[in-house]
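Student: Structure supplied as input-v8.cif; contents: mmCIF, C-alpha atoms.
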```
data_input
loop_
_atom_site.label_atom_id
_atom_site.label_comp_id
_atom_site.auth_asym_id
_atom_site.auth_seq_id
_atom_site.Cartn_x
_atom_site.Cartn_y
_atom_site.Cartn_z
CA GLY A 1 12.40 11.71 27.04
CA ALA A 2 9.65 10.42 29.28
CA GLY A 3 6.40 9.43 27.69
CA VAL A 4 2.85 9.77 28.95
CA SER A 5 2.40 8.09 32.30
CA GLN A 6 -0.81 6.95 33.95
CA SER A 7 -1.63 5.65 37.37
CA PRO A 8 -2.75 3.31 38.66
CA SER A 9 -2.16 0.70 35.97
CA ASN A 10 -4.97 -1.40 37.38
CA LYS A 11 -7.86 -0.47 39.61
CA VAL A 12 -10.47 -2.81 41.04
CA THR A 13 -13.33 -1.17 42.86
CA GLU A 14 -16.78 -1.97 44.12
CA LYS A 15 -19.92 -0.68 42.49
CA GLY A 16 -20.88 2.70 43.93
CA LYS A 17 -17.37 3.75 44.91
CA ASP A 18 -15.58 6.78 43.44
CA VAL A 19 -12.28 6.39 41.57
CA GLU A 20 -9.59 8.81 40.41
CA LEU A 21 -7.33 8.12 37.46
CA ARG A 22 -4.22 10.16 36.88
CA CYS A 23 -2.42 11.18 33.69
CA ASP A 24 0.95 12.88 33.44
CA PRO A 25 1.47 14.09 29.85
CA ILE A 26 4.71 14.59 27.99
CA SER A 27 6.39 17.77 29.18
CA GLY A 28 5.53 20.71 26.94
CA HIS A 29 2.46 19.08 25.42
CA THR A 30 -0.42 21.49 25.63
CA ALA A 31 -3.20 19.16 24.47
CA LEU A 32 -4.44 16.27 26.60
CA TYR A 33 -7.13 13.73 25.78
CA TRP A 34 -8.95 11.03 27.73
CA TYR A 35 -10.38 8.00 25.94
CA ARG A 36 -12.14 4.85 27.04
CA GLN A 37 -11.71 1.48 25.37
CA SER A 38 -13.93 -1.42 26.27
CA LEU A 39 -12.83 -4.97 25.48
CA GLY A 40 -12.64 -5.47 21.73
CA GLN A 41 -13.99 -2.01 21.01
CA GLY A 42 -12.60 1.15 19.48
CA LEU A 43 -11.51 4.31 21.24
CA GLU A 44 -14.30 6.35 22.79
CA PHE A 45 -13.40 10.02 23.21
CA LEU A 46 -14.22 11.42 26.65
CA ILE A 47 -12.68 14.86 27.17
CA TYR A 48 -10.07 17.19 25.69
CA PHE A 49 -7.92 19.91 27.29
CA GLN A 50 -5.96 22.49 25.32
CA GLY A 51 -3.79 24.92 27.24
CA ASN A 52 -5.85 27.21 29.44
CA SER A 53 -9.00 26.95 27.34
CA ALA A 54 -12.21 25.48 28.67
CA PRO A 55 -12.16 21.71 28.17
CA ASP A 56 -14.31 19.97 25.59
CA LYS A 57 -16.44 17.62 27.69
CA SER A 58 -18.69 16.50 24.86
CA GLY A 59 -17.65 12.86 25.13
CA LEU A 60 -18.32 12.34 28.82
CA PRO A 61 -21.02 9.65 29.05
CA SER A 62 -22.74 10.95 32.18
CA ASP A 63 -22.45 13.53 34.95
CA ARG A 64 -20.71 10.89 37.06
CA PHE A 65 -17.61 11.57 34.98
CA SER A 66 -15.48 14.66 35.45
CA ALA A 67 -11.91 15.68 34.77
CA GLU A 68 -9.57 18.45 35.61
CA ARG A 69 -6.14 19.52 34.55
CA THR A 70 -4.03 21.43 37.00
CA GLY A 71 -1.39 23.91 35.89
CA GLY A 72 -1.73 22.81 32.30
CA SER A 73 -0.02 19.52 33.09
CA VAL A 74 -1.31 16.63 35.18
CA SER A 75 -4.91 15.57 34.66
CA THR A 76 -7.27 13.59 36.85
CA LEU A 77 -10.35 11.75 35.60
CA THR A 78 -12.88 11.10 38.34
CA ILE A 79 -15.73 8.64 38.12
CA GLN A 80 -18.30 8.90 40.88
CA ARG A 81 -20.61 6.11 41.99
CA THR A 82 -18.99 3.62 39.62
CA GLN A 83 -21.13 1.16 37.71
CA GLN A 84 -20.17 -2.18 36.18
CA GLU A 85 -20.49 -0.70 32.70
CA ASP A 86 -17.67 1.70 33.57
CA SER A 87 -15.25 -1.24 33.44
CA ALA A 88 -12.81 -0.51 30.62
CA VAL A 89 -9.29 0.66 29.89
CA TYR A 90 -8.97 4.41 30.29
CA LEU A 91 -6.32 5.88 28.01
CA CYS A 92 -4.73 9.28 28.18
CA ALA A 93 -2.93 10.89 25.26
CA SER A 94 -1.09 14.15 24.80
CA SER A 95 0.07 16.15 21.81
CA LEU A 96 2.29 19.15 21.29
CA ASP A 97 -0.49 21.29 19.88
CA VAL A 98 -3.35 21.21 17.45
CA GLY A 99 -2.77 21.50 13.75
CA ALA A 100 -1.16 19.49 11.05
CA GLY A 101 2.38 18.69 11.98
CA THR A 102 1.95 18.96 15.72
CA ASP A 103 -1.16 16.98 16.52
CA THR A 104 0.36 13.54 16.72
CA GLN A 105 -1.01 11.91 19.85
CA TYR A 106 1.15 9.88 22.21
CA PHE A 107 -0.71 7.46 24.43
CA GLY A 108 -0.04 6.40 27.96
CA PRO A 109 -0.15 2.75 29.02
CA GLY A 110 -3.72 3.07 30.27
CA THR A 111 -5.55 2.28 33.49
CA ARG A 112 -7.59 -0.91 33.51
CA LEU A 113 -10.66 -0.28 35.65
CA THR A 114 -12.73 -3.18 36.91
CA VAL A 115 -15.95 -2.48 38.75
CA LEU A 116 -17.24 -5.47 40.70
CA GLN B 1 -20.97 13.32 12.35
CA LYS B 2 -17.40 12.63 11.31
CA GLU B 3 -16.84 8.99 10.48
CA VAL B 4 -13.78 6.87 9.91
CA GLU B 5 -14.45 3.43 8.50
CA GLN B 6 -12.18 0.41 8.63
CA ASN B 7 -12.82 -3.23 7.88
CA SER B 8 -12.64 -4.99 11.23
CA GLY B 9 -11.04 -8.08 9.69
CA PRO B 10 -9.28 -10.16 10.64
CA LEU B 11 -6.97 -9.76 7.68
CA SER B 12 -4.79 -12.84 7.46
CA VAL B 13 -1.60 -12.80 5.38
CA PRO B 14 1.35 -15.19 5.17
CA GLU B 15 4.75 -14.18 6.46
CA GLY B 16 6.66 -12.19 3.87
CA ALA B 17 3.57 -10.97 2.03
CA ILE B 18 2.28 -7.41 1.68
CA ALA B 19 -0.53 -6.49 4.05
CA SER B 20 -2.86 -3.75 2.84
CA LEU B 21 -5.02 -1.92 5.38
CA ASN B 22 -7.62 0.57 4.27
CA CYS B 23 -9.51 3.45 5.79
CA THR B 24 -12.13 5.87 4.48
CA TYR B 25 -13.26 9.08 6.12
CA SER B 26 -16.24 11.37 5.76
CA ASP B 27 -14.91 14.85 6.57
CA ARG B 28 -13.42 16.50 3.48
CA GLY B 29 -11.79 19.14 5.69
CA SER B 30 -9.54 16.58 7.35
CA GLN B 31 -5.91 17.58 7.28
CA SER B 32 -3.92 14.95 9.13
CA PHE B 33 -4.01 11.19 9.01
CA PHE B 34 -2.47 8.70 11.36
CA TRP B 35 -1.93 4.98 11.64
CA TYR B 36 -1.55 3.47 15.08
CA ARG B 37 -0.71 -0.11 15.98
CA GLN B 38 -2.24 -1.67 19.07
CA TYR B 39 -1.09 -5.00 20.41
CA SER B 40 -3.53 -6.92 22.52
CA GLY B 41 -3.64 -5.47 26.04
CA LYS B 42 -1.42 -2.53 25.11
CA SER B 43 -2.04 1.10 24.24
CA PRO B 44 -1.92 2.44 20.69
CA GLU B 45 1.47 3.43 19.34
CA LEU B 46 2.02 5.69 16.36
CA ILE B 47 3.35 4.05 13.21
CA MET B 48 3.03 6.83 10.67
CA PHE B 49 1.34 10.10 9.91
CA ILE B 50 0.68 11.68 6.54
CA TYR B 51 -0.61 15.12 5.59
CA SER B 52 -0.15 15.37 1.82
CA ASN B 53 -1.58 13.41 -1.06
CA GLY B 54 0.59 10.61 -2.28
CA ASP B 55 2.81 8.05 -0.62
CA LYS B 56 5.00 8.25 2.43
CA GLU B 57 7.45 5.47 3.15
CA ASP B 58 9.13 4.54 6.41
CA GLY B 59 10.99 1.25 6.39
CA ARG B 60 8.56 -1.56 5.65
CA PHE B 61 5.56 0.77 6.02
CA THR B 62 3.99 2.95 3.34
CA ALA B 63 1.06 5.25 3.96
CA GLN B 64 -0.99 6.33 0.96
CA LEU B 65 -3.37 9.28 0.99
CA ASN B 66 -5.95 10.24 -1.62
CA LYS B 67 -7.94 13.23 -0.40
CA ALA B 68 -10.15 13.35 -3.49
CA SER B 69 -11.35 9.83 -2.74
CA GLN B 70 -11.18 10.37 1.03
CA TYR B 71 -9.10 7.28 1.39
CA VAL B 72 -5.96 6.44 3.31
CA SER B 73 -4.16 3.13 3.38
CA LEU B 74 -1.23 1.46 5.06
CA LEU B 75 0.94 -1.10 3.30
CA ILE B 76 3.21 -3.38 5.28
CA ARG B 77 5.85 -5.07 3.16
CA ASP B 78 7.56 -8.32 4.15
CA SER B 79 4.96 -8.88 6.89
CA GLN B 80 6.23 -10.54 10.04
CA PRO B 81 4.35 -12.43 12.76
CA SER B 82 5.32 -9.56 15.07
CA ASP B 83 3.15 -7.28 12.91
CA SER B 84 0.07 -9.14 14.12
CA ALA B 85 -1.98 -6.49 15.91
CA THR B 86 -4.94 -4.16 15.48
CA TYR B 87 -4.27 -1.15 13.26
CA LEU B 88 -6.18 2.02 14.02
CA CYS B 89 -6.72 4.76 11.48
CA ALA B 90 -7.17 8.27 12.91
CA VAL B 91 -8.19 11.40 11.06
CA GLY B 92 -7.56 14.94 12.33
CA GLY B 93 -8.38 18.44 11.18
CA SER B 94 -10.33 19.62 14.14
CA TYR B 95 -8.90 19.41 17.60
CA ILE B 96 -10.38 16.00 18.33
CA PRO B 97 -9.18 13.29 15.96
CA THR B 98 -11.64 10.62 14.95
CA PHE B 99 -10.52 7.04 15.27
CA GLY B 100 -11.71 4.07 13.29
CA ARG B 101 -12.54 0.86 15.12
CA GLY B 102 -9.41 -0.80 13.81
CA THR B 103 -8.47 -3.71 11.55
CA SER B 104 -7.09 -6.87 13.08
CA LEU B 105 -4.06 -8.19 11.17
CA ILE B 106 -2.80 -11.75 11.56
CA VAL B 107 0.51 -12.69 9.96
CA HIS B 108 0.92 -16.45 9.95
CA PRO B 109 4.26 -18.24 9.53
#
```
Once you've parsed the file, please lay out its structure as structure tokens.
Tutor:
Amino acid sequence: GAGVSQSPSNKVTEKGKDVELRCDPISGHTALYWYRQSLGQGLEFLIYFQGNSAPDKSGLPSDRFSAERTGGSVSTLTIQRTQQEDSAVYLCASSLDVGAGTDTQYFGPGTRLTVL
Amino acid sequence: QKEVEQNSGPLSVPEGAIASLNCTYSDRGSQSFFWYRQYSGKSPELIMFIYSNGDKEDGRFTAQLNKASQYVSLLIRDSQPSDSATYLCAVGGSYIPTFGRGTSLIVHP
């Protein structure tokens, strides 16, 4: 079946502009995660959605970052007033559920964001 | 603060050798353990997961888990140049898995 999809694959923007990144998880996966990966660095957790529960936003680096998930499926990560330090690859992952045996994460191809 | 530690490498092995990648974790309550492979410029892809103490084999890959020592490893037998990548260890148990920073593996002909 289809995997996790993300769009756009690349985004170049000017400092101060807002950007929206989209993630379409695997059908039936209730958990959705956003991560950020800067060049040569590990995965930085940003936000987690599980079903209809309130999202865990503990990883968002500033109030310029927000995310929503509509209808328990598609998610959008919004970065307002982008800064050069926001340049990174933004990865989305989904999993069937939470708990041993079902919490394997499947990653999308990522969105490479470049802020000039 | 949950931590997952990996040697950043690079780990360099000759083609055909066994590559051994190691990972330690701090949270004793962790229940699930994952190894992901990430090629340069690509997203992580799952190689294996393991939940129980002992070994789990899948083709050329073997994951080893020792919960008492809080240690998980990945062995790659008959290493190939195509195995050259960064290997990420991830540890679950709460709803947000913790990822290590990854070990870079280079398999040279």
Student: For chain B, work out the contacting residues on chain A at 9 Å, counting only C-alpha atoms, and write them as a PDB file with C-alpha atoms, keeping the file's coordinate frame.
Tutor:
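Once everything was written out, this is out39.pdb:
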```pdb
ATOM      1  CA  ALA A  31      -3.200  19.160  24.470  1.00  0.00           C
ATOM      2  CA  TYR A  33      -7.130  13.730  25.780  1.00  0.00           C
ATOM      3  CA  GLN A  41     -13.990  -2.010  21.010  1.00  0.00           C
ATOM      4  CA  GLY A  42     -12.600   1.150  19.480  1.00  0.00           C
ATOM      5  CA  LEU A  43     -11.510   4.310  21.240  1.00  0.00           C
ATOM      6  CA  GLU A  44     -14.300   6.350  22.790  1.00  0.00           C
ATOM      7  CA  PHE A  45     -13.400  10.020  23.210  1.00  0.00           C
ATOM      8  CA  TYR A  48     -10.070  17.190  25.690  1.00  0.00           C
ATOM      9  CA  GLN A  50      -5.960  22.490  25.320  1.00  0.00           C
ATOM     10  CA  LEU A  91      -6.320   5.880  28.010  1.00  0.00           C
ATOM     11  CA  ASP A  97      -0.490  21.290  19.880  1.00  0.00           C
ATOM     12  CA  VAL A  98      -3.350  21.210  17.450  1.00  0.00           C
ATOM     13  CA  GLY A  99      -2.770  21.500  13.750  1.00  0.00           C
ATOM     14  CA  ALA A 100      -1.160  19.490  11.050  1.00  0.00           C
ATOM     15  CA  GLY A 101       2.380  18.690  11.980  1.00  0.00           C
ATOM     16  CA  ASP A 103      -1.160  16.980  16.520  1.00  0.00           C
ATOM     17  CA  THR A 104       0.360  13.540  16.720  1.00  0.00           C
ATOM     18  CA  GLN A 105      -1.010  11.910  19.850  1.00  0.00           C
ATOM     19  CA  TYR A 106       1.150   9.880  22.210  1.00  0.00           C
ATOM     20  CA  PHE A 107      -0.710   7.460  24.430  1.00  0.00           C
ATOM     21  CA  GLY A 108      -0.040   6.400  27.960  1.00  0.00           C
ATOM     22  CA  PRO A 109      -0.150   2.750  29.020  1.00  0.00           C
ATOM     23  CA  GLY A 110      -3.720   3.070  30.270  1.00  0.00           C
TER      24      GLY A 110
END
```
Student: Starting from the PyMOL selection byres ((chain B and resi 17) around 9), expand the selection into actual residues of this file and give them as a PyMOL selection string.
Tutor: chain B and resi 13-16+18-19+76-80+107
Student: Quick one: which residues end up in the PyMOL selection byres ((chain A and resi 112-116) around 10) for this structure, as a compact mmCIF listing (two decimals) with C-alpha atoms, in the frame of the given file?
Tutor:
```txt
# COMPACT_ATOMS: atom_id res chain seq x y z
CA SER A 7 -1.63 5.65 37.37
CA PRO A 8 -2.75 3.31 38.66
CA SER A 9 -2.16 0.70 35.97
CA ASN A 10 -4.97 -1.40 37.38
CA LYS A 11 -7.86 -0.47 39.61
CA VAL A 12 -10.47 -2.81 41.04
CA THR A 13 -13.33 -1.17 42.86
CA GLU A 14 -16.78 -1.97 44.12
CA LYS A 15 -19.92 -0.68 42.49
CA GLY A 16 -20.88 2.70 43.93
CA LYS A 17 -17.37 3.75 44.91
CA VAL A 19 -12.28 6.39 41.57
CA LEU A 21 -7.33 8.12 37.46
CA ARG A 36 -12.14 4.85 27.04
CA GLN A 37 -11.71 1.48 25.37
CA SER A 38 -13.93 -1.42 26.27
CA THR A 82 -18.99 3.62 39.62
CA GLN A 83 -21.13 1.16 37.71
CA GLN A 84 -20.17 -2.18 36.18
CA GLU A 85 -20.49 -0.70 32.70
CA ASP A 86 -17.67 1.70 33.57
CA SER A 87 -15.25 -1.24 33.44
CA ALA A 88 -12.81 -0.51 30.62
CA VAL A 89 -9.29 0.66 29.89
CA TYR A 90 -8.97 4.41 30.29
CA LEU A 91 -6.32 5.88 28.01
CA PRO A 109 -0.15 2.75 29.02
CA GLY A 110 -3.72 3.07 30.27
CA THR A 111 -5.55 2.28 33.49
CA GLY B 41 -3.64 -5.47 26.04
```
Student: Mind giving me the straight-line distance from atom CA of A:Ile79 to atom CA of A:Lys57 in Å, one decimal?
Tutor: 13.8 Å
Student: Report, in Å with one decimal, the straight-line distance from atom CA of A:Pro25 to atom CA of B:Leu105.
Tutor: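 Going from atom CA of A:Pro25 over to atom CA of B:Leu105 covers 29.6 Å.
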Student: I'd like the residues picked by the PyMOL selection byres ((chain B and resi 28) around 10) written out as a ChimeraX atom specification, using the chain letters and numbers from the file.
Tutor: /B:2,25-27,29-31,67-70,93
Student: Please write as an MDAnalysis selection string the list of polymer residues whose atoms come within 9 Å of (-7.8, -2.8, 3.0), counting all atoms listed in the file and keeping to the coordinates of the file.
Tutor: chainID B and resid 6:7 11 19:23 73:75 103
Student: Interatomic distance between atom CA of B:Pro109 and atom CA of B:Ile47?
Tutor: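 Distance reported for this atom pair: 22.6 Å.
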Student: Could you give me, as a PDB file with C-alpha atoms, in the coordinates of the input, the residues within 12 Å of A:Phe49, counting only C-alpha atoms and dropping anything in the same chain fewer than 4 positions from it?
Tutor:
```pdb
ATOM      1  CA  PRO A  25       1.470  14.090  29.850  1.00  0.00           C
ATOM      2  CA  HIS A  29       2.460  19.080  25.420  1.00  0.00           C
ATOM      3  CA  THR A  30      -0.420  21.490  25.630  1.00  0.00           C
ATOM      4  CA  ALA A  31      -3.200  19.160  24.470  1.00  0.00           C
ATOM      5  CA  LEU A  32      -4.440  16.270  26.600  1.00  0.00           C
ATOM      6  CA  TYR A  33      -7.130  13.730  25.780  1.00  0.00           C
ATOM      7  CA  TRP A  34      -8.950  11.030  27.730  1.00  0.00           C
ATOM      8  CA  SER A  53      -9.000  26.950  27.340  1.00  0.00           C
ATOM      9  CA  ALA A  54     -12.210  25.480  28.670  1.00  0.00           C
ATOM     10  CA  PRO A  55     -12.160  21.710  28.170  1.00  0.00           C
ATOM     11  CA  ASP A  56     -14.310  19.970  25.590  1.00  0.00           C
ATOM     12  CA  LYS A  57     -16.440  17.620  27.690  1.00  0.00           C
ATOM     13  CA  SER A  58     -18.690  16.500  24.860  1.00  0.00           C
ATOM     14  CA  ALA A  67     -11.910  15.680  34.770  1.00  0.00           C
ATOM     15  CA  GLU A  68      -9.570  18.450  35.610  1.00  0.00           C
ATOM     16  CA  ARG A  69      -6.140  19.520  34.550  1.00  0.00           C
ATOM     17  CA  THR A  70      -4.030  21.430  37.000  1.00  0.00           C
ATOM     18  CA  GLY A  71      -1.390  23.910  35.890  1.00  0.00           C
ATOM     19  CA  GLY A  72      -1.730  22.810  32.300  1.00  0.00           C
ATOM     20  CA  SER A  73      -0.020  19.520  33.090  1.00  0.00           C
ATOM     21  CA  VAL A  74      -1.310  16.630  35.180  1.00  0.00           C
ATOM     22  CA  SER A  75      -4.910  15.570  34.660  1.00  0.00           C
ATOM     23  CA  THR A  76      -7.270  13.590  36.850  1.00  0.00           C
ATOM     24  CA  LEU A  77     -10.350  11.750  35.600  1.00  0.00           C
ATOM     25  CA  CYS A  92      -4.730   9.280  28.180  1.00  0.00           C
ATOM     26  CA  ALA A  93      -2.930  10.890  25.260  1.00  0.00           C
ATOM     27  CA  SER A  94      -1.090  14.150  24.800  1.00  0.00           C
ATOM     28  CA  SER A  95       0.070  16.150  21.810  1.00  0.00           C
ATOM     29  CA  LEU A  96       2.290  19.150  21.290  1.00  0.00           C
ATOM     30  CA  ASP A  97      -0.490  21.290  19.880  1.00  0.00           C
ATOM     31  CA  VAL A  98      -3.350  21.210  17.450  1.00  0.00           C
TER      32      VAL A  98
ATOM     33  CA  TYR B  95      -8.900  19.410  17.600  1.00  0.00           C
ATOM     34  CA  ILE B  96     -10.380  16.000  18.330  1.00  0.00           C
TER      35      ILE B  96
END
```
Student: Pull the neighbourhood of (-0.5, -2.1, 17.4) for me: all residues within 6 Å in file coordinates, counting only C-alpha atoms, as a PyMOL selection string.
Tutor: chain B and resi 37-39+44+85-87
Student: For B:Ser12, which of B:Cys89, B:Asn53, B:Asp58, B:Pro81 is the closest residue, counting all atoms listed in the file?
Tutor: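 Checking each of B:Cys89, B:Asn53, B:Asp58, B:Pro81 against B:Ser12, counting all atoms listed in the file, the winner is B:Pro81.
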